[in-house]
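Raw query09.txt, compact mmCIF, C-alpha atoms:
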# COMPACT_ATOMS: atom_id res chain seq x y z
CA MET Y 1 8.69 0.27 16.04
CA ALA Y 2 4.93 0.51 15.67
CA TYR Y 3 3.74 1.54 12.22
CA SER Y 4 0.44 3.05 11.16
CA PRO Y 5 -1.16 1.04 8.32
CA GLU Y 6 0.04 3.67 5.83
CA GLU Y 7 3.60 3.68 7.20
CA LEU Y 8 3.68 -0.11 7.14
CA ALA Y 9 2.56 -0.18 3.51
CA GLU Y 10 5.18 2.42 2.55
CA ALA Y 11 7.96 0.55 4.40
CA CYS Y 12 6.99 -2.76 2.80
CA GLY Y 13 6.89 -1.07 -0.60
CA ALA Y 14 10.36 0.40 -0.10
CA ALA Y 15 11.75 -2.97 0.99
CA MET Y 16 10.23 -4.73 -2.03
CA TRP Y 17 11.29 -1.98 -4.45
CA ALA Y 18 14.90 -2.31 -3.34
CA GLU Y 19 14.83 -5.96 -4.46
CA ASP Y 20 12.65 -5.60 -7.59
CA GLU Y 21 15.21 -5.47 -10.37
CA ALA Y 22 12.66 -6.49 -13.03
CA SER Y 23 10.33 -3.52 -12.50
CA ARG Y 24 13.21 -1.07 -12.22
CA ALA Y 25 14.89 -2.47 -15.36
CA LEU Y 26 11.71 -1.82 -17.36
CA GLY Y 27 11.74 1.80 -16.24
CA MET Y 28 8.81 1.56 -13.85
CA SER Y 29 8.47 3.90 -10.92
CA LEU Y 30 6.76 3.12 -7.65
CA ASP Y 31 4.56 6.18 -7.23
CA TRP Y 32 2.54 5.29 -4.15
CA VAL Y 33 1.72 2.40 -1.82
CA GLY Y 34 -1.05 2.27 0.77
CA PRO Y 35 -2.78 -0.55 2.64
CA GLY Y 36 -4.04 -2.87 -0.11
CA GLN Y 37 -3.28 -0.32 -2.83
CA ALA Y 38 -0.42 0.73 -5.08
CA ARG Y 39 0.29 2.88 -8.10
CA LEU Y 40 3.18 2.33 -10.52
CA SER Y 41 3.95 4.08 -13.78
CA MET Y 42 6.09 3.44 -16.83
CA THR Y 43 6.82 5.32 -20.02
CA VAL Y 44 6.57 3.09 -23.08
CA THR Y 45 9.84 3.08 -25.01
CA SER Y 46 10.32 1.87 -28.58
CA THR Y 47 12.03 -1.25 -27.22
CA LEU Y 48 8.73 -2.22 -25.54
CA CYS Y 49 6.80 -2.03 -28.82
CA ASN Y 50 5.88 -4.99 -30.98
CA GLY Y 51 5.63 -5.45 -34.76
CA HIS Y 52 2.34 -3.51 -34.81
CA GLY Y 53 4.05 -0.47 -33.36
CA THR Y 54 2.12 -0.77 -30.10
CA CYS Y 55 3.29 -1.60 -26.60
CA HIS Y 56 3.63 -5.37 -26.29
CA GLY Y 57 0.85 -6.76 -24.12
CA GLY Y 58 3.33 -8.64 -21.98
CA PHE Y 59 4.82 -5.35 -20.77
CA ILE Y 60 1.38 -3.93 -19.97
CA PHE Y 61 0.65 -7.14 -18.05
CA THR Y 62 3.97 -6.80 -16.21
CA LEU Y 63 3.19 -3.23 -15.15
CA ALA Y 64 -0.23 -4.31 -13.85
CA ASP Y 65 1.26 -7.37 -12.15
CA SER Y 66 3.85 -5.23 -10.39
CA ALA Y 67 1.16 -2.86 -9.06
CA PHE Y 68 -0.79 -5.92 -7.90
CA ALA Y 69 2.32 -7.25 -6.12
CA PHE Y 70 2.94 -4.02 -4.22
CA ALA Y 71 -0.71 -3.73 -3.19
CA CYS Y 72 -1.02 -7.27 -1.84
CA ASN Y 73 2.37 -7.16 -0.07
CA SER Y 74 1.51 -3.97 1.84
CA TYR Y 75 0.66 -5.74 5.13
CA ASN Y 76 4.16 -7.10 5.90
CA ARG Y 77 3.29 -10.59 4.78
CA LYS Y 78 4.95 -12.15 1.75
CA VAL Y 79 2.32 -12.69 -0.90
CA VAL Y 80 2.54 -14.13 -4.42
CA ALA Y 81 0.20 -14.30 -7.38
CA GLN Y 82 -2.04 -17.32 -7.48
CA GLN Y 83 -3.84 -16.37 -10.70
CA ALA Y 84 -4.15 -13.30 -12.91
CA ALA Y 85 -6.05 -12.29 -16.03
CA ILE Y 86 -5.97 -9.17 -18.16
CA THR Y 87 -8.28 -7.64 -20.72
CA PHE Y 88 -6.62 -5.32 -23.22
CA ILE Y 89 -8.94 -2.45 -24.10
CA ALA Y 90 -6.89 0.00 -26.16
CA PRO Y 91 -3.33 0.14 -27.48
CA ALA Y 92 -0.47 2.11 -26.00
CA PHE Y 93 2.35 3.55 -28.08
CA ALA Y 94 5.95 4.66 -27.63
CA GLU Y 95 6.17 7.74 -25.39
CA ASP Y 96 2.83 6.99 -23.68
CA CYS Y 97 3.10 7.18 -19.90
CA LEU Y 98 1.09 4.31 -18.41
CA THR Y 99 -0.13 4.21 -14.83
CA ALA Y 100 -1.28 1.01 -13.12
CA GLU Y 101 -3.43 1.46 -10.05
CA ALA Y 102 -4.17 -1.59 -7.89
CA ILE Y 103 -7.01 -1.72 -5.38
CA GLU Y 104 -7.84 -4.51 -2.98
CA VAL Y 105 -11.25 -6.04 -3.55
CA ALA Y 106 -11.12 -8.66 -0.78
CA ARG Y 107 -8.73 -10.32 1.67
CA TYR Y 108 -9.79 -13.56 3.30
CA GLY Y 109 -7.56 -16.05 5.09
CA ARG Y 110 -4.34 -16.29 3.09
CA ASN Y 111 -6.06 -15.16 -0.14
CA GLY Y 112 -6.83 -11.85 -1.79
CA ILE Y 113 -8.42 -10.37 -4.89
CA TYR Y 114 -7.10 -7.18 -6.48
CA ASP Y 115 -8.23 -5.12 -9.45
CA VAL Y 116 -5.73 -3.09 -11.45
CA THR Y 117 -6.50 -0.49 -14.09
CA VAL Y 118 -3.83 0.59 -16.56
CA CYS Y 119 -4.41 4.04 -18.03
CA LYS Y 120 -2.64 6.57 -20.23
CA ALA Y 121 -1.78 10.03 -18.91
CA ASP Y 122 -5.07 11.40 -20.27
CA GLY Y 123 -6.97 8.85 -18.16
CA SER Y 124 -8.02 6.63 -21.05
CA LEU Y 125 -8.19 2.96 -20.12
CA VAL Y 126 -5.64 0.62 -21.71
CA ALA Y 127 -6.24 -2.59 -19.73
CA SER Y 128 -8.12 -4.12 -16.82
CA PHE Y 129 -6.36 -6.77 -14.71
CA ARG Y 130 -7.62 -8.97 -11.88
CA GLY Y 131 -5.19 -10.84 -9.67
CA GLN Y 132 -5.72 -13.42 -6.98
CA SER Y 133 -3.04 -13.62 -4.30
CA ARG Y 134 -1.83 -16.21 -1.83
CA GLU Y 135 0.14 -15.51 1.33
CA ILE Y 136 3.34 -17.53 1.81
CA LYS Y 137 5.77 -17.72 4.73
CA GLY Y 138 7.79 -14.67 5.60
CA CYS Y 139 7.68 -10.92 6.15
CA HIS Y 140 9.29 -7.95 4.41
CA LEU Y 141 10.22 -6.16 7.63
CA PRO Y 142 11.26 -7.50 11.02
CA GLU Y 143 8.18 -8.13 13.11
CA THR Y 144 7.98 -6.05 16.24
CA THR Y 145 6.45 -6.79 19.59
CA GLU Y 146 4.88 -4.07 21.67
Structure rendered as structure tokens:
Amino acid sequence: MAYSPEELAEACGAAMWAEDEASRALGMSLDWVGPGQARLSMTVTSTLCNGHGTCHGGFIFTLADSAFAFACNSYNRKVVAQQAAITFIAPAFAEDCLTAEAIEVARYGRNGIYDVTVCKADGSLVASFRGQSREIKGCHLPETTE
């Protein structure tokens, strides 16, 4: 079957989501995947909050990292994180709905660079994440010949 770039991204996203127990267990939802892009969301629960009463940074990082993963795996090539960094800008609290939107900055050879913004429902910025990816062996879907 021949896929358009958008259909391929959606099919790869669905295949990955079916295997991504970590993101599902944290209550994330896969809202959208496109070529080199993805959007995931998660409502902060009290169990994700730290001793300051704010969402633990590790969970914000995980949400951003998951969006990064879906964006860079949208071309039917298995891709992993090579490096990632996050800047926390503002706190999130229990009941906040966070959205992580990943956008491809560059793809070159087996490498890629992706920026992810994590925002609250009102659009206010919580964190900025940059990930560098590396393609490994394998595909998410059977490769087709035409």
Using only C-alpha atoms, find each residue in region 89-139 of chain Y having at least one atom no more than 10 Å away from region 24-39 of chain Y; report its shortest atom-to-atom pair and that distance in Å (one decimal), rows by chain then rising number, as JSON lines.
{"residue": "Y:Leu98", "atom": "CA", "partner": "Y:Met28", "partner_atom": "CA", "distance": 9.4}
{"residue": "Y:Thr99", "atom": "CA", "partner": "Y:Arg39", "partner_atom": "CA", "distance": 6.9}
{"residue": "Y:Ala100", "atom": "CA", "partner": "Y:Arg39", "partner_atom": "CA", "distance": 5.6}
{"residue": "Y:Glu101", "atom": "CA", "partner": "Y:Arg39", "partner_atom": "CA", "distance": 4.4}
{"residue": "Y:Ala102", "atom": "CA", "partner": "Y:Ala38", "partner_atom": "CA", "distance": 5.2}
{"residue": "Y:Ile103", "atom": "CA", "partner": "Y:Gln37", "partner_atom": "CA", "distance": 4.7}
{"residue": "Y:Glu104", "atom": "CA", "partner": "Y:Gly36", "partner_atom": "CA", "distance": 5.0}
{"residue": "Y:Val105", "atom": "CA", "partner": "Y:Gly36", "partner_atom": "CA", "distance": 8.6}
{"residue": "Y:Ala106", "atom": "CA", "partner": "Y:Gly36", "partner_atom": "CA", "distance": 9.2}
{"residue": "Y:Arg107", "atom": "CA", "partner": "Y:Gly36", "partner_atom": "CA", "distance": 9.0}
{"residue": "Y:Gly112", "atom": "CA", "partner": "Y:Gly36", "partner_atom": "CA", "distance": 9.6}
{"residue": "Y:Ile113", "atom": "CA", "partner": "Y:Gly36", "partner_atom": "CA", "distance": 9.9}
{"residue": "Y:Tyr114", "atom": "CA", "partner": "Y:Gly36", "partner_atom": "CA", "distance": 8.3}
{"residue": "Y:Asp115", "atom": "CA", "partner": "Y:Gln37", "partner_atom": "CA", "distance": 9.6}
{"residue": "Y:Val116", "atom": "CA", "partner": "Y:Arg39", "partner_atom": "CA", "distance": 9.1}
{"residue": "Y:Thr117", "atom": "CA", "partner": "Y:Arg39", "partner_atom": "CA", "distance": 9.7}
{"residue": "Y:Val118", "atom": "CA", "partner": "Y:Arg39", "partner_atom": "CA", "distance": 9.7}
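Compared by their closest atoms to Ser4 (chain Y), and using only C-alpha atoms, the residues Y:Leu125, Y:Ser74, Y:Glu95, Y:Ser66 rank with Y:Ser74 nearest.
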If we count all atoms listed in the file and set the cut-off at 10 Å, which residues sit around Thr62 (chain Y), ignoring sequence neighbours fewer than 2 positions away in its own chain? Please answer as an mmCIF file with C-alpha atoms, in the coordinates of the input.
data_model
loop_
_atom_site.group_PDB
_atom_site.id
_atom_site.type_symbol
_atom_site.label_atom_id
_atom_site.label_comp_id
_atom_site.auth_asym_id
_atom_site.auth_seq_id
_atom_site.Cartn_x
_atom_site.Cartn_y
_atom_site.Cartn_z
ATOM 1 C CA ALA Y 22 12.660 -6.490 -13.030
ATOM 2 C CA SER Y 23 10.330 -3.520 -12.500
ATOM 3 C CA LEU Y 26 11.710 -1.820 -17.360
ATOM 4 C CA MET Y 28 8.810 1.560 -13.850
ATOM 5 C CA GLY Y 57 0.850 -6.760 -24.120
ATOM 6 C CA GLY Y 58 3.330 -8.640 -21.980
ATOM 7 C CA PHE Y 59 4.820 -5.350 -20.770
ATOM 8 C CA ILE Y 60 1.380 -3.930 -19.970
ATOM 9 C CA ALA Y 64 -0.230 -4.310 -13.850
ATOM 10 C CA ASP Y 65 1.260 -7.370 -12.150
ATOM 11 C CA SER Y 66 3.850 -5.230 -10.390
ATOM 12 C CA ALA Y 67 1.160 -2.860 -9.060
ATOM 13 C CA PHE Y 68 -0.790 -5.920 -7.900
ATOM 14 C CA ALA Y 100 -1.280 1.010 -13.120
#
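With all atoms listed in the file as the atoms that count, the minimum distance from Val126 (chain Y) to the choices Y:Asn76, Y:Thr87, Y:Asn111, Y:Thr43 is reached by Y:Thr87.
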- Find the residue from Y:Gly13, Y:Gly131, Y:Gly123, Y:Pro142 that sits nearest to Asn73 (chain Y); use all atoms listed in the file when measuring. Y:Gly13
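Using all atoms listed in the file, the nearest neighbour of Phe70 (chain Y) within the list Y:Thr54, Y:Ile136, Y:Met16, Y:Leu48 is Y:Met16.
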- Message: What's around Cys55 (chain Y) at 6 Å? Count only C-alpha atoms, leave out sequence neighbours fewer than 2 positions away in its own chain, and write the answer as an MDAnalysis selection string.
- Response: chainID Y and resid 48:49 92:93
For the residues in the current selection, export C-alpha atoms as a CSV table (one decimal), in the coordinates of the input.
chain,number,residue,atom,x,y,z
Y,48,LEU,CA,8.7,-2.2,-25.5
Y,49,CYS,CA,6.8,-2.0,-28.8
Y,92,ALA,CA,-0.5,2.1,-26.0
Y,93,PHE,CA,2.4,3.6,-28.1
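Shortest atom-to-atom contact with Pro91 (chain Y) among Y:Ser124, Y:Ser46, Y:Ser41, Y:Gln132: Y:Ser124, counting all atoms listed in the file.
Taking all atoms listed in the file into account, Thr47 (chain Y) lies nearest to Y:Ala94 out of the set Y:Ala94, Y:Ala14, Y:Leu63, Y:Gln83.
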- Note on the structure: Correct to one decimal, the distance CA of Ala15 (chain Y)-CA of Phe129 (chain Y) is 24.3 Å
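Taking CA of Ala9 (chain Y) and CA of Val79 (chain Y) as the two end points, the separation is 13.3 Å.
Straight-line separation from CA of Asn50 (chain Y) to CA of Ala69 (chain Y): 25.2 Å.
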Would you please take region 27-111 of chain Y of the structure in the block above and write C-alpha atoms to a file as a compact mmCIF listing (two decimals), in the first residue's frame?
# COMPACT_ATOMS: atom_id res chain seq x y z
CA GLY Y 27 -2.50 9.29 31.00
CA MET Y 28 -1.11 10.86 27.84
CA SER Y 29 -3.13 11.02 24.67
CA LEU Y 30 -1.74 11.04 21.16
CA ASP Y 31 -3.66 13.94 19.64
CA TRP Y 32 -2.04 14.25 16.23
CA VAL Y 33 0.93 13.04 14.17
CA GLY Y 34 2.15 14.46 10.87
CA PRO Y 35 5.42 14.22 8.95
CA GLY Y 36 8.06 15.38 11.45
CA GLN Y 37 5.43 16.65 13.88
CA ALA Y 38 3.33 15.39 16.77
CA ARG Y 39 1.09 16.66 19.53
CA LEU Y 40 0.44 14.82 22.80
CA SER Y 41 -1.46 15.96 25.87
CA MET Y 42 -1.72 14.96 29.50
CA THR Y 43 -3.73 16.16 32.46
CA VAL Y 44 -1.57 16.61 35.56
CA THR Y 45 -2.87 14.47 38.42
CA SER Y 46 -1.95 14.86 42.08
CA THR Y 47 0.22 11.73 41.79
CA LEU Y 48 2.43 13.61 39.29
CA CYS Y 49 3.04 16.48 41.71
CA ASN Y 50 6.14 16.91 43.85
CA GLY Y 51 6.68 18.28 47.36
CA HIS Y 52 6.23 21.85 46.09
CA GLY Y 53 2.74 21.02 44.86
CA THR Y 54 3.79 21.42 41.22
CA CYS Y 55 4.06 18.87 38.44
CA HIS Y 56 7.37 17.05 38.78
CA GLY Y 57 9.75 18.15 36.04
CA GLY Y 58 10.46 14.56 35.09
CA PHE Y 59 6.85 14.10 33.99
CA ILE Y 60 6.93 17.30 31.94
CA PHE Y 61 10.15 16.05 30.34
CA THR Y 62 8.50 12.68 29.64
CA LEU Y 63 5.55 14.33 27.91
CA ALA Y 64 7.91 16.40 25.74
CA ASP Y 65 10.10 13.36 25.05
CA SER Y 66 7.08 11.34 23.94
CA ALA Y 67 5.99 14.07 21.51
CA PHE Y 68 9.58 14.18 20.20
CA ALA Y 69 9.54 10.39 19.73
CA PHE Y 70 6.32 10.40 17.71
CA ALA Y 71 7.52 13.28 15.52
CA CYS Y 72 10.88 11.74 14.65
CA ASN Y 73 9.40 8.26 14.07
CA SER Y 74 6.83 9.53 11.56
CA TYR Y 75 8.77 8.43 8.45
CA ASN Y 76 8.61 4.65 9.04
CA ARG Y 77 12.16 4.47 10.30
CA LYS Y 78 12.93 3.52 13.88
CA VAL Y 79 14.49 6.50 15.59
CA VAL Y 80 15.74 7.00 19.16
CA ALA Y 81 16.84 9.98 21.19
CA GLN Y 82 20.51 10.79 20.98
CA GLN Y 83 20.39 13.82 23.29
CA ALA Y 84 17.71 16.02 24.83
CA ALA Y 85 17.56 19.12 27.00
CA ILE Y 86 14.68 20.98 28.60
CA THR Y 87 14.22 24.44 30.04
CA PHE Y 88 11.44 24.78 32.59
CA ILE Y 89 9.75 28.15 32.27
CA ALA Y 90 6.69 28.04 34.52
CA PRO Y 91 5.13 25.52 36.89
CA ALA Y 92 2.17 23.29 36.16
CA PHE Y 93 -0.27 22.15 38.81
CA ALA Y 94 -2.74 19.33 39.40
CA GLU Y 95 -5.65 19.52 36.95
CA ASP Y 96 -3.64 21.49 34.37
CA CYS Y 97 -3.93 20.01 30.90
CA LEU Y 98 -0.50 20.12 29.25
CA THR Y 99 0.07 19.87 25.52
CA ALA Y 100 3.45 19.05 23.99
CA GLU Y 101 3.89 19.98 20.35
CA ALA Y 102 6.97 18.70 18.51
CA ILE Y 103 8.23 20.21 15.27
CA GLU Y 104 11.10 19.02 13.14
CA VAL Y 105 13.88 21.57 12.78
CA ALA Y 106 16.22 19.49 10.59
CA ARG Y 107 16.76 15.96 9.29
CA TYR Y 108 20.14 15.07 7.87
CA GLY Y 109 21.52 11.59 7.25
CA ARG Y 110 20.46 9.44 10.20
CA ASN Y 111 20.12 12.48 12.51
